[in-house]
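Okay, input_12.csv now, which holds CSV, C-alpha atoms:
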chain,number,residue,atom,x,y,z
A,29,MET,CA,-66.7,-18.0,-12.8
A,30,ASN,CA,-66.9,-14.3,-11.8
A,31,GLY,CA,-64.0,-12.8,-9.8
A,32,LYS,CA,-66.4,-11.4,-7.3
A,33,ASP,CA,-67.4,-14.9,-6.2
A,34,ILE,CA,-63.8,-16.0,-5.5
A,35,ARG,CA,-63.4,-16.8,-1.8
A,36,LYS,CA,-60.3,-19.0,-1.9
A,37,LEU,CA,-57.3,-18.5,-4.2
A,38,VAL,CA,-54.7,-21.2,-4.2
A,39,ILE,CA,-51.1,-20.8,-5.6
A,40,ALA,CA,-49.9,-24.2,-6.6
A,41,CYS,CA,-46.2,-24.8,-6.5
A,42,ASP,CA,-43.6,-27.4,-6.5
A,43,ALA,CA,-41.3,-26.7,-3.5
A,44,GLY,CA,-43.5,-24.1,-1.9
A,45,MET,CA,-40.7,-22.0,-0.4
A,46,GLY,CA,-39.8,-19.4,-3.1
A,47,SER,CA,-41.9,-17.8,-5.8
A,48,SER,CA,-45.2,-19.2,-4.6
A,49,VAL,CA,-44.6,-17.8,-1.1
A,50,MET,CA,-43.6,-14.4,-2.6
A,51,LEU,CA,-46.8,-14.3,-4.7
A,52,ALA,CA,-48.9,-15.4,-1.8
A,53,GLY,CA,-47.4,-12.6,0.3
A,54,GLN,CA,-48.1,-10.1,-2.4
A,55,LEU,CA,-51.7,-11.2,-3.1
A,56,ARG,CA,-52.6,-11.4,0.6
A,57,LYS,CA,-51.5,-7.8,0.9
A,58,THR,CA,-53.2,-6.7,-2.3
A,59,LEU,CA,-56.5,-8.5,-1.5
A,60,LYS,CA,-56.5,-7.6,2.2
A,61,LYS,CA,-59.7,-5.7,1.9
A,62,GLN,CA,-61.5,-8.5,-0.1
A,63,ASP,CA,-63.1,-11.5,1.5
A,64,VAL,CA,-60.6,-13.9,-0.1
A,65,THR,CA,-58.3,-16.5,1.5
A,66,VAL,CA,-54.9,-16.8,-0.2
A,67,GLU,CA,-53.0,-20.1,0.3
A,68,HIS,CA,-50.2,-21.9,-1.4
A,69,THR,CA,-50.2,-25.7,-1.6
A,70,PRO,CA,-48.2,-28.3,-3.5
A,71,VAL,CA,-49.4,-28.8,-7.1
A,72,ASP,CA,-50.4,-32.4,-6.3
A,73,ALA,CA,-52.5,-31.4,-3.3
A,74,ILE,CA,-54.8,-28.7,-4.5
A,75,PRO,CA,-57.7,-28.4,-2.0
A,76,GLY,CA,-61.2,-29.2,-3.3
A,77,ASP,CA,-62.6,-25.9,-2.1
A,78,ALA,CA,-60.3,-23.7,-4.1
A,79,ASP,CA,-62.2,-21.3,-6.4
A,80,VAL,CA,-59.2,-20.5,-8.6
A,81,VAL,CA,-55.6,-21.9,-8.9
A,82,VAL,CA,-52.6,-19.8,-9.9
A,83,CYS,CA,-49.4,-21.4,-11.0
A,84,HIS,CA,-46.3,-21.1,-13.1
A,85,THR,CA,-46.8,-22.2,-16.7
A,86,GLY,CA,-44.3,-25.0,-16.1
A,87,LEU,CA,-46.7,-26.5,-13.6
A,88,ALA,CA,-50.0,-25.7,-15.4
A,89,ALA,CA,-50.5,-29.2,-16.8
A,90,ARG,CA,-50.0,-30.9,-13.4
A,91,ALA,CA,-52.2,-28.3,-11.7
A,92,ARG,CA,-55.1,-28.8,-14.2
A,93,ARG,CA,-55.0,-32.6,-13.5
A,94,GLY,CA,-55.3,-31.9,-9.8
A,95,ALA,CA,-57.7,-29.0,-9.9
A,96,GLY,CA,-60.8,-30.8,-11.4
A,97,GLY,CA,-62.9,-28.2,-13.0
A,98,THR,CA,-61.4,-25.3,-11.0
A,99,PRO,CA,-60.0,-22.5,-13.3
A,100,VAL,CA,-56.2,-22.6,-13.5
A,101,ILE,CA,-54.5,-19.3,-14.2
A,102,PRO,CA,-50.9,-19.8,-15.4
A,103,PHE,CA,-48.3,-17.0,-15.1
A,104,GLU,CA,-45.0,-16.6,-17.0
A,105,VAL,CA,-43.1,-14.0,-14.9
A,106,TYR,CA,-42.9,-13.7,-11.2
A,107,LEU,CA,-43.3,-9.9,-11.0
A,108,GLY,CA,-46.2,-8.0,-12.5
A,109,ASP,CA,-47.5,-10.8,-14.7
A,110,PRO,CA,-50.5,-9.5,-16.7
A,111,ALA,CA,-52.5,-12.7,-16.0
A,112,VAL,CA,-52.2,-12.2,-12.3
A,113,ASP,CA,-53.0,-8.5,-12.6
A,114,ARG,CA,-56.2,-9.4,-14.6
A,115,LEU,CA,-57.2,-11.9,-11.9
A,116,VAL,CA,-56.7,-9.3,-9.1
A,117,LYS,CA,-58.8,-6.8,-11.1
A,118,ALA,CA,-61.6,-9.4,-11.6
A,119,ILE,CA,-61.6,-10.2,-7.9
A,120,LYS,CA,-61.8,-6.5,-7.0
A,121,ASP,CA,-64.1,-5.2,-9.7
A,122,GLY,CA,-65.9,-8.3,-10.9
A,123,GLY,CA,-65.4,-10.0,-14.3
A,124,GLU,CA,-65.0,-13.4,-15.8
A,125,VAL,CA,-62.1,-15.5,-14.6
A,126,GLY,CA,-60.5,-18.3,-16.6
A,127,ALA,CA,-62.6,-17.7,-19.7
B,13,MET,CA,-25.2,-1.4,16.9
B,14,ARG,CA,-28.6,-0.5,15.5
B,15,SER,CA,-31.2,-3.0,16.3
B,16,VAL,CA,-32.8,-4.8,13.4
B,17,PRO,CA,-36.5,-5.7,13.3
B,18,ASP,CA,-37.2,-9.3,14.3
B,19,GLY,CA,-38.5,-10.6,10.9
B,20,ALA,CA,-35.3,-9.9,9.0
B,21,ALA,CA,-32.9,-10.5,11.9
B,22,GLY,CA,-34.4,-13.9,12.7
B,23,LEU,CA,-34.3,-15.3,9.2
B,24,LEU,CA,-31.4,-13.4,7.7
B,25,ALA,CA,-28.3,-13.5,9.8
B,26,ARG,CA,-25.6,-11.0,9.2
B,27,ASP,CA,-23.1,-13.8,8.5
B,28,ALA,CA,-25.4,-15.0,5.8
B,29,ILE,CA,-25.0,-11.8,3.9
B,30,ARG,CA,-22.0,-11.9,1.4
B,31,LEU,CA,-21.8,-8.8,-0.8
B,32,ASP,CA,-18.6,-9.4,-2.8
B,33,ALA,CA,-18.9,-13.0,-4.3
B,34,TRP,CA,-17.9,-14.1,-7.8
B,35,ALA,CA,-19.4,-16.9,-9.8
B,36,GLY,CA,-18.7,-18.2,-13.3
B,37,GLY,CA,-22.3,-19.0,-13.9
B,38,ARG,CA,-25.7,-20.1,-12.6
B,39,ASP,CA,-24.7,-23.4,-11.0
B,40,HIS,CA,-21.6,-22.0,-9.5
B,41,ALA,CA,-23.6,-19.1,-8.0
B,42,ILE,CA,-26.1,-21.6,-6.6
B,43,ARG,CA,-23.3,-23.7,-5.0
B,44,ILE,CA,-21.9,-20.6,-3.4
B,45,CYS,CA,-25.4,-19.6,-2.0
B,46,GLY,CA,-26.0,-23.1,-0.8
B,47,GLN,CA,-22.6,-23.2,0.9
B,48,VAL,CA,-23.5,-20.1,2.9
B,49,LEU,CA,-26.7,-21.8,4.1
B,50,VAL,CA,-24.5,-24.9,5.0
B,51,ASP,CA,-21.9,-22.8,6.8
B,52,THR,CA,-24.5,-20.9,8.8
B,53,GLY,CA,-26.0,-24.2,10.0
B,54,ALA,CA,-29.3,-23.9,8.2
B,55,VAL,CA,-29.1,-26.9,5.9
B,56,ALA,CA,-27.3,-30.2,5.3
B,57,PRO,CA,-24.8,-30.1,2.4
B,58,ALA,CA,-27.0,-32.3,0.2
B,59,TYR,CA,-29.5,-29.4,0.1
B,60,ILE,CA,-27.2,-27.8,-2.5
B,61,ASP,CA,-28.1,-30.6,-4.9
B,62,ALA,CA,-31.8,-30.0,-4.3
B,63,MET,CA,-31.2,-26.4,-5.1
B,64,LEU,CA,-29.5,-27.3,-8.4
B,65,GLU,CA,-32.3,-29.8,-9.2
B,66,ARG,CA,-35.0,-27.2,-8.6
B,67,GLU,CA,-33.3,-24.6,-10.8
B,68,ARG,CA,-33.1,-27.1,-13.7
B,69,SER,CA,-36.8,-27.8,-13.6
B,70,ILE,CA,-38.1,-24.2,-13.2
B,71,SER,CA,-35.8,-21.1,-13.0
B,72,THR,CA,-36.0,-19.0,-9.8
B,73,TYR,CA,-34.9,-15.9,-11.7
B,74,LEU,CA,-37.3,-13.1,-10.8
B,75,GLY,CA,-36.1,-10.2,-12.9
B,76,GLU,CA,-34.1,-7.0,-12.2
B,77,GLY,CA,-30.9,-9.1,-11.8
B,78,VAL,CA,-32.3,-11.1,-8.8
B,79,ALA,CA,-32.9,-14.8,-8.3
B,80,ILE,CA,-34.2,-16.7,-5.3
B,81,PRO,CA,-32.6,-20.2,-5.5
B,82,HIS,CA,-34.0,-22.8,-3.1
B,83,GLY,CA,-34.5,-26.6,-2.9
B,84,THR,CA,-37.2,-28.9,-4.0
B,85,SER,CA,-40.0,-30.2,-1.8
B,86,GLY,CA,-37.9,-33.4,-1.6
B,87,GLY,CA,-35.1,-31.4,-0.1
B,88,ARG,CA,-37.2,-30.2,2.8
B,89,ASP,CA,-35.9,-32.8,5.2
B,90,LEU,CA,-32.4,-31.4,4.7
B,91,ILE,CA,-33.3,-28.1,6.3
B,92,HIS,CA,-32.2,-27.7,10.0
B,93,ARG,CA,-33.8,-24.3,10.5
B,94,ASP,CA,-35.6,-21.8,8.3
B,95,ALA,CA,-33.1,-19.2,7.0
B,96,LEU,CA,-32.3,-16.8,4.1
B,97,ALA,CA,-28.9,-15.9,2.7
B,98,VAL,CA,-28.1,-12.9,0.5
B,99,VAL,CA,-25.1,-13.3,-1.9
B,100,ARG,CA,-24.2,-10.5,-4.2
B,101,PHE,CA,-22.1,-11.0,-7.4
B,102,PRO,CA,-21.0,-7.5,-8.4
B,103,ASP,CA,-19.7,-8.8,-11.8
B,104,GLY,CA,-23.0,-10.6,-12.4
B,105,ALA,CA,-23.5,-14.3,-12.9
B,106,ASP,CA,-25.0,-15.6,-16.2
B,107,TRP,CA,-28.4,-17.1,-15.3
B,108,ASP,CA,-29.7,-18.7,-18.5
B,109,GLY,CA,-28.9,-15.5,-20.4
B,110,ASN,CA,-29.9,-13.1,-17.6
B,111,PRO,CA,-27.2,-11.4,-15.6
B,112,VAL,CA,-27.8,-12.0,-11.9
B,113,THR,CA,-26.3,-9.7,-9.4
B,114,VAL,CA,-28.2,-10.6,-6.2
B,115,CYS,CA,-29.3,-14.1,-5.0
B,116,ILE,CA,-31.6,-14.5,-2.1
B,117,ALA,CA,-31.2,-18.1,-1.2
B,118,ILE,CA,-34.1,-19.8,0.7
B,119,ALA,CA,-34.3,-22.7,3.1
B,120,ALA,CA,-37.8,-22.9,4.6
B,121,ARG,CA,-40.3,-25.4,5.9
B,122,GLY,CA,-42.6,-22.7,7.2
B,123,ASP,CA,-44.0,-19.4,5.9
B,124,GLY,CA,-42.1,-17.1,8.2
B,125,HIS,CA,-40.2,-15.5,5.3
B,126,MET,CA,-43.4,-14.6,3.4
B,127,GLU,CA,-43.3,-10.9,4.3
B,128,ILE,CA,-39.7,-10.5,3.4
B,129,LEU,CA,-40.3,-12.0,0.0
B,130,ALA,CA,-43.4,-9.8,-0.5
B,131,GLU,CA,-41.2,-6.9,0.4
B,132,LEU,CA,-38.5,-8.1,-2.1
B,133,ALA,CA,-41.2,-8.1,-4.8
B,134,GLN,CA,-42.1,-4.5,-4.0
B,135,VAL,CA,-38.4,-3.5,-4.1
B,136,LEU,CA,-37.9,-5.1,-7.5
B,137,MET,CA,-40.9,-3.3,-9.0
B,138,ASP,CA,-39.4,0.0,-8.0
B,139,PRO,CA,-36.5,0.6,-10.3
B,140,ASP,CA,-34.6,2.9,-7.9
B,141,ARG,CA,-34.9,0.4,-5.0
B,142,ALA,CA,-34.0,-2.5,-7.2
B,143,ARG,CA,-30.9,-0.7,-8.3
B,144,ALA,CA,-30.1,0.1,-4.6
B,145,LEU,CA,-30.3,-3.6,-3.9
B,146,ARG,CA,-28.0,-4.5,-6.8
B,147,GLU,CA,-25.5,-1.9,-5.7
B,148,ALA,CA,-25.6,-2.5,-1.9
B,149,THR,CA,-22.2,-2.7,-0.4
B,150,GLU,CA,-23.2,-2.7,3.3
B,151,ASP,CA,-25.2,-5.4,5.2
B,152,GLU,CA,-27.4,-2.6,6.7
B,153,GLN,CA,-28.5,-1.5,3.2
B,154,VAL,CA,-29.7,-5.0,2.4
B,155,LEU,CA,-31.5,-5.4,5.7
B,156,ALA,CA,-33.2,-2.0,5.4
B,157,LEU,CA,-34.5,-2.9,1.9
B,158,LEU,CA,-35.8,-6.3,2.8
B,159,THR,CA,-37.4,-5.4,6.1
B,160,PRO,CA,-41.2,-4.9,5.7
B,161,ASP,CA,-41.7,-1.3,6.4
B,162,THR,CA,-44.9,-0.6,8.4
B,163,GLU,CA,-45.0,3.0,7.4
B,164,THR,CA,-45.2,2.4,3.7
B,165,ARG,CA,-47.3,-0.7,3.9
B,166,GLU,CA,-50.6,1.1,3.9
B,167,GLU,CA,-49.9,3.1,0.7
B,168,GLU,CA,-48.5,0.1,-1.1
B,169,GLU,CA,-51.4,-2.3,-0.4
B,170,ASP,CA,-53.3,-1.3,-3.5
B,171,SER,CA,-50.6,-2.4,-5.9
B,172,VAL,CA,-49.6,-6.0,-6.5
Written as structure tokens, that's how I'd like the structure from this file.
Amino acid sequence: MNGKDIRKLVIACDAGMGSSVMLAGQLRKTLKKQDVTVEHTPVDAIPGDADVVVCHTGLAARARRGAGGTPVIPFEVYLGDPAVDRLVKAIKDGGEVGA
Amino acid sequence: MRSVPDGAAGLLARDAIRLDAWAGGRDHAIRICGQVLVDTGAVAPAYIDAMLERERSISTYLGEGVAIPHGTSGGRDLIHRDALAVVRFPDGADWDGNPVTVCIAIAARGDGHMEILAELAQVLMDPDRARALREATEDEQVLALLTPDTETREEEEDSV
């Protein structure tokens, strides 16, 4: 899917009170001017209308099971992960996501 | 006393800031952080076990000598009120090979702390401010660094 078509970005997490909240806060700020909703949800309750799912590599397998065909973007580090940076760029400038 | 903006003052109480703690390692550091949350009435004692459990599944180490220990989703019922605690270990605590100097412990059922964590991320991506957080010796310095600053928000919004 193309980054320009993303309307709902979901950060899947386990506890939902630490890193996923931090990342959601950062991405909401970064994507403020884009028409994108940023949410964080438990990894076992990914909403069906998510266009892309972002999660820690440790949760990627569980996220893929719950995400259906929705692209899952795993990240390794909480700050400045290149995979998250690429996703932000694709949303802002267009480009293939999850290819 | 200087007034502190609502966001930080509401979630991060002054008596939940400890800047001269010592821990022998990760689990000891988490127990100290959890005890601060217990002592300030934010969580039940069993929440500390949930924090240790979470850390063993996925580390909460962020980088720049900072970790954000918190419980599991199963530990949510042990939270009395949403709160943060800041505990500084000037000698560093070994966190799976990384030296951690500052822990920001989290107890949250809601998203009220989202802006503070987003601000923390900005601080940690700026080497000078990250060092200032690690070297903070006054509560005021910590509160100032973690309080979302409306003046700089506009210029920062284009960076993650």
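Put simply, CA of Ser48 in chain A is 27.0 Å away from CA of Ala33 in chain B.
Take the candidates A:Met45, A:Val81, A:Ile34, A:Leu51 and check each one against Arg93 in chain A using all atoms listed in the file; the shortest distance goes to A:Val81.
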Could you please tell me, as number ranges by chain, which residues of chain B have an atom within 9 Å of chain A when using all atoms listed in the file?
B: 66, 69-70, 72-75, 80-88, 117-123, 125-134, 136-137, 165, 168-172
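In this structure, CA of Ala41 in chain B sits 8.2 Å away from CA of Cys115 in chain B.
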So that I can see what lies close to Thr52 in chain B, please list as a ChimeraX atom specification the residues with an atom at most 12 Å from it, counting only C-alpha atoms and leaving out residues fewer than 5 positions away in the same chain.
/B:23-30,45-47,57,91-97,119
Tell me, as a JSON list (two decimals) with C-alpha atoms, in the coordinates of the input, which residues lie within 9 Å of Gly122 in chain A, counting all atoms listed in the file; anything in the same chain fewer than 5 positions away does not count.
[["chain", "number", "residue", "atom", "x", "y", "z"],
["A", 30, "ASN", "CA", -66.90, -14.30, -11.80],
["A", 31, "GLY", "CA", -64.00, -12.80, -9.80],
["A", 32, "LYS", "CA", -66.40, -11.40, -7.30],
["A", 33, "ASP", "CA", -67.40, -14.90, -6.20],
["A", 117, "LYS", "CA", -58.80, -6.80, -11.10]]
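Distance-wise, CA of Phe103 in chain A and CA of Arg43 in chain B end up 27.8 Å apart.
Among the candidates A:Gly126, A:Asp121, A:Ile74, A:Leu115, the one nearest to Val100 in chain A when counting all atoms listed in the file is A:Gly126.
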Selected residue of minimal separation from Glu76 in chain B among B:Leu145, B:Leu155, B:Val48, B:Ile42, counting only C-alpha atoms:
B:Leu145
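Proximity to Trp34 in chain B at 10 Å, evaluated using only C-alpha atoms and with sequence-adjacent residues fewer than 4 positions away removed, yields His40, Ala41, Ile44, Val99, Arg100, Phe101, Pro102, Asp103, Gly104, Ala105 and Thr113 of chain B.
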Which protein, DNA or RNA residues have an atom at most 8 Å from (-60.3, -15.5, -14.2), counting only C-alpha atoms? List them as a PDB file with C-alpha atoms, in the coordinates of the input.
ATOM      1  CA  MET A  29     -66.700 -18.000 -12.800  1.00  0.00           C
ATOM      2  CA  ASN A  30     -66.900 -14.300 -11.800  1.00  0.00           C
ATOM      3  CA  GLY A  31     -64.000 -12.800  -9.800  1.00  0.00           C
ATOM      4  CA  VAL A  80     -59.200 -20.500  -8.600  1.00  0.00           C
ATOM      5  CA  PRO A  99     -60.000 -22.500 -13.300  1.00  0.00           C
ATOM      6  CA  ILE A 101     -54.500 -19.300 -14.200  1.00  0.00           C
ATOM      7  CA  ARG A 114     -56.200  -9.400 -14.600  1.00  0.00           C
ATOM      8  CA  LEU A 115     -57.200 -11.900 -11.900  1.00  0.00           C
ATOM      9  CA  ALA A 118     -61.600  -9.400 -11.600  1.00  0.00           C
ATOM     10  CA  GLY A 123     -65.400 -10.000 -14.300  1.00  0.00           C
ATOM     11  CA  GLU A 124     -65.000 -13.400 -15.800  1.00  0.00           C
ATOM     12  CA  VAL A 125     -62.100 -15.500 -14.600  1.00  0.00           C
ATOM     13  CA  GLY A 126     -60.500 -18.300 -16.600  1.00  0.00           C
ATOM     14  CA  ALA A 127     -62.600 -17.700 -19.700  1.00  0.00           C
TER      15      ALA A 127
END
